[in-house]
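Have a look at input31.csv below; it lists CSV, C-alpha atoms.
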```
chain,number,residue,atom,x,y,z
A,1,MET,CA,0.0,0.0,0.0
A,2,GLY,CA,1.4,3.4,-0.9
A,3,VAL,CA,3.9,1.9,-3.3
A,4,ALA,CA,3.7,2.1,-7.1
A,5,ASN,CA,6.0,1.3,-10.1
A,6,CYS,CA,6.9,3.9,-12.6
A,7,SER,CA,5.4,3.1,-16.0
A,8,HIS,CA,8.5,4.5,-17.9
A,9,CYS,CA,11.5,3.1,-16.0
A,10,GLY,CA,9.9,0.5,-13.7
A,11,ALA,CA,11.3,2.2,-10.5
A,12,THR,CA,9.4,1.8,-7.3
A,13,VAL,CA,7.9,5.1,-6.2
A,14,GLY,CA,6.0,5.9,-3.0
A,15,THR,CA,6.7,5.3,0.6
A,16,LEU,CA,8.7,2.3,1.5
A,17,PHE,CA,9.3,1.2,5.1
A,18,SER,CA,11.9,-1.1,6.3
A,19,GLU,CA,11.8,-2.7,9.7
A,20,THR,CA,15.6,-3.4,9.8
A,21,SER,CA,17.1,-0.1,8.8
A,22,ALA,CA,16.8,3.2,10.6
A,23,PRO,CA,15.2,6.2,8.9
A,24,ALA,CA,17.6,8.5,7.1
A,25,ALA,CA,18.1,12.0,8.5
A,26,GLY,CA,17.1,14.7,6.2
A,27,VAL,CA,18.9,17.8,5.1
A,28,LYS,CA,16.7,19.9,7.4
A,29,GLY,CA,18.2,18.2,10.5
A,30,LYS,CA,21.7,19.3,9.5
A,31,ARG,CA,20.7,22.9,9.0
A,32,ARG,CA,18.7,23.0,12.2
A,33,SER,CA,21.5,21.5,14.3
A,34,GLY,CA,23.7,24.5,13.5
A,35,PHE,CA,20.8,26.8,14.4
A,36,ASN,CA,20.3,24.9,17.7
A,37,ASP,CA,24.0,25.1,18.5
A,38,HIS,CA,23.9,28.8,17.9
A,39,ALA,CA,20.7,29.2,20.0
A,40,ASP,CA,22.2,27.0,22.8
A,41,TYR,CA,25.3,29.2,22.9
A,42,TYR,CA,23.2,32.4,23.4
A,43,ASP,CA,20.9,30.6,25.9
A,44,ARG,CA,23.9,29.6,28.0
A,45,ILE,CA,25.3,33.2,28.0
A,46,GLU,CA,21.9,34.7,28.9
A,47,LYS,CA,21.4,32.2,31.7
A,48,ALA,CA,24.9,33.0,33.0
A,49,LYS,CA,24.1,36.8,32.9
A,50,GLU,CA,20.9,36.1,34.9
A,51,TRP,CA,22.8,34.1,37.4
A,52,ALA,CA,25.3,37.0,37.8
A,53,ASN,CA,22.4,39.5,38.4
A,54,LYS,CA,20.8,37.1,40.9
A,55,ALA,CA,24.1,36.7,42.7
A,56,VAL,CA,24.3,40.4,43.3
A,57,ILE,CA,20.7,40.6,44.6
A,58,LEU,CA,21.2,37.5,46.8
A,59,GLY,CA,24.5,38.9,48.1
A,60,LEU,CA,22.9,42.2,49.1
A,61,THR,CA,20.1,40.3,50.9
A,62,GLY,CA,22.8,38.3,52.6
A,63,PHE,CA,23.3,41.2,55.1
A,64,PHE,CA,19.9,40.6,56.7
A,65,PRO,CA,20.0,38.7,60.0
A,66,PHE,CA,19.1,35.0,60.2
A,67,ILE,CA,18.4,34.5,56.4
A,68,GLY,CA,21.6,36.1,55.3
A,69,PHE,CA,23.7,33.0,55.7
A,70,PHE,CA,21.7,31.1,53.1
A,71,MET,CA,21.5,34.1,50.8
A,72,GLY,CA,25.3,34.6,51.0
A,73,VAL,CA,26.0,31.0,50.1
A,74,ALA,CA,23.5,31.2,47.2
A,75,ALA,CA,25.2,34.3,46.0
A,76,ILE,CA,28.6,32.7,46.0
A,77,VAL,CA,27.3,29.6,44.2
A,78,LEU,CA,25.5,31.6,41.5
A,79,GLY,CA,28.4,34.0,41.1
A,80,LEU,CA,30.9,31.1,40.6
A,81,MET,CA,28.6,29.3,38.1
A,82,ALA,CA,28.1,32.5,36.1
A,83,LEU,CA,31.9,33.3,36.1
A,84,ARG,CA,32.7,29.8,35.0
A,85,THR,CA,30.2,29.9,32.1
A,86,LEU,CA,31.2,33.3,31.0
A,87,LYS,CA,34.9,32.5,31.1
A,88,ALA,CA,34.4,29.3,29.2
A,89,GLU,CA,32.5,31.1,26.4
A,90,ASN,CA,35.0,34.0,26.5
A,91,VAL,CA,32.3,36.6,27.1
A,92,GLU,CA,33.2,39.8,29.0
A,93,ASP,CA,29.7,41.1,29.5
A,94,GLY,CA,28.3,39.9,32.8
A,95,ARG,CA,31.6,39.0,34.4
A,96,GLY,CA,31.6,42.2,36.5
A,97,SER,CA,28.2,41.4,37.9
A,98,ALA,CA,29.2,37.8,38.7
A,99,THR,CA,32.4,39.0,40.4
A,100,ALA,CA,30.4,41.6,42.4
A,101,GLY,CA,27.9,39.0,43.4
A,102,LEU,CA,30.7,36.7,44.5
A,103,ILE,CA,32.5,39.4,46.6
A,104,ILE,CA,29.3,40.7,48.1
A,105,GLY,CA,28.2,37.1,49.0
A,106,VAL,CA,31.6,36.5,50.8
A,107,LEU,CA,31.2,39.8,52.7
A,108,ALA,CA,27.7,38.9,53.7
A,109,LEU,CA,29.0,35.6,55.1
A,110,ILE,CA,31.7,37.4,57.0
A,111,SER,CA,29.1,39.9,58.4
A,112,GLN,CA,26.8,37.0,59.4
A,113,GLY,CA,29.7,35.3,61.2
A,114,CYS,CA,30.5,38.6,63.1
A,115,TYR,CA,26.8,39.0,63.9
A,116,VAL,CA,26.7,35.5,65.5
A,117,VAL,CA,29.9,36.2,67.5
A,118,TYR,CA,28.4,39.4,68.7
A,119,LEU,CA,25.2,37.7,69.8
A,120,ILE,CA,27.1,35.0,71.6
A,121,LYS,CA,29.4,37.5,73.4
A,122,SER,CA,26.6,39.8,74.4
A,123,GLY,CA,24.4,37.0,75.7
A,124,ASN,CA,21.3,38.5,73.8
A,125,LEU,CA,20.4,35.4,71.8
A,126,PRO,CA,17.2,36.2,70.0
A,127,PHE,CA,15.5,32.8,70.2
A,128,ALA,CA,16.8,31.6,73.6
A,129,GLY,CA,14.2,31.5,76.4
```
When written as structure tokens, how does the structure in this file appear?
Amino acid sequence: MGVANCSHCGATVGTLFSETSAPAAGVKGKRRSGFNDHADYYDRIEKAKEWANKAVILGLTGFFPFIGFFMGVAAIVLGLMALRTLKAENVEDGRGSATAGLIIGVLALISQGCYVVYLIKSGNLPFAG
């Protein structure tokens, strides 16, 4: 069904299916793979820039008491991931934000540590009965 023979040359025309051989990839797949690689490259860069911006925001929120420790760690992780991606792709745009997020996250962790030491030394623990 769906297969016919040419009346002039006798060639089989129509759709042939073989259960043993894999379907052949068309030309469209080759053209699109280059497009997908190009799109993936820009997606990785845009994602790294977003990580860098989020690292700055999380680093700044890392100065709030109690939640600051988690925000500082998240800022450091996102800043490192953004820096690694941007350096691997050799992109300058966004590295400053990633570095700033990393540094602010480290400073937030230091301030959280100082805050904990201050609370312990003063004896004014906020959740102690």
- Around (24.3, 29.6, 34.9) in the file's own coordinates, what residues are found within 12 Å if you use only C-alpha atoms, given back as a PyMOL selection string? chain A and resi 42-55+77-89+94-95+98
- Message: Just the number, please: distance in Å from atom CA of Asn90 of chain A to atom CA of Leu109 of chain A, one decimal.
- Response: 29.3 Å
- Task: Rank nothing, just name the residue among A:Ser111, A:Asn124, A:Asn5, A:Ser97 nearest to Thr61 of chain A, using only C-alpha atoms.
- Result: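 Comparing A:Ser111, A:Asn124, A:Asn5, A:Ser97 against Thr61 of chain A, the winner is A:Ser111.
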- atom CA of Ala75 of chain A and atom CA of Leu102 of chain A, how far apart in Å? 6.2 Å
- Which protein, DNA or RNA residues have an atom at most 12 Å from (26.7, 36.8, 65.6), counting only C-alpha atoms? List them as a list in words. Phe63, Phe64, Pro65, Phe66, Gly68, Phe69, Leu109, Ile110, Ser111, Gln112, Gly113, Cys114, Tyr115, Val116, Val117, Tyr118, Leu119, Ile120, Lys121, Ser122, Gly123, Asn124, Leu125 and Pro126 of chain A
How would the residues just picked look written out with C-alpha atoms as a compact mmCIF listing (two decimals), in the coordinates of the input?
```
# COMPACT_ATOMS: atom_id res chain seq x y z
CA PHE A 63 23.30 41.20 55.10
CA PHE A 64 19.90 40.60 56.70
CA PRO A 65 20.00 38.70 60.00
CA PHE A 66 19.10 35.00 60.20
CA GLY A 68 21.60 36.10 55.30
CA PHE A 69 23.70 33.00 55.70
CA LEU A 109 29.00 35.60 55.10
CA ILE A 110 31.70 37.40 57.00
CA SER A 111 29.10 39.90 58.40
CA GLN A 112 26.80 37.00 59.40
CA GLY A 113 29.70 35.30 61.20
CA CYS A 114 30.50 38.60 63.10
CA TYR A 115 26.80 39.00 63.90
CA VAL A 116 26.70 35.50 65.50
CA VAL A 117 29.90 36.20 67.50
CA TYR A 118 28.40 39.40 68.70
CA LEU A 119 25.20 37.70 69.80
CA ILE A 120 27.10 35.00 71.60
CA LYS A 121 29.40 37.50 73.40
CA SER A 122 26.60 39.80 74.40
CA GLY A 123 24.40 37.00 75.70
CA ASN A 124 21.30 38.50 73.80
CA LEU A 125 20.40 35.40 71.80
CA PRO A 126 17.20 36.20 70.00
```
- Query: Which residues come within 8 Å of Gly105 of chain A, counting all atoms listed in the file, excluding same-chain residues fewer than 4 positions away, as a count of residues only?
  - Reply: 14
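Here atom CA of Asn36 of chain A is placed at a distance of 22.7 Å from atom CA of Glu92 of chain A.
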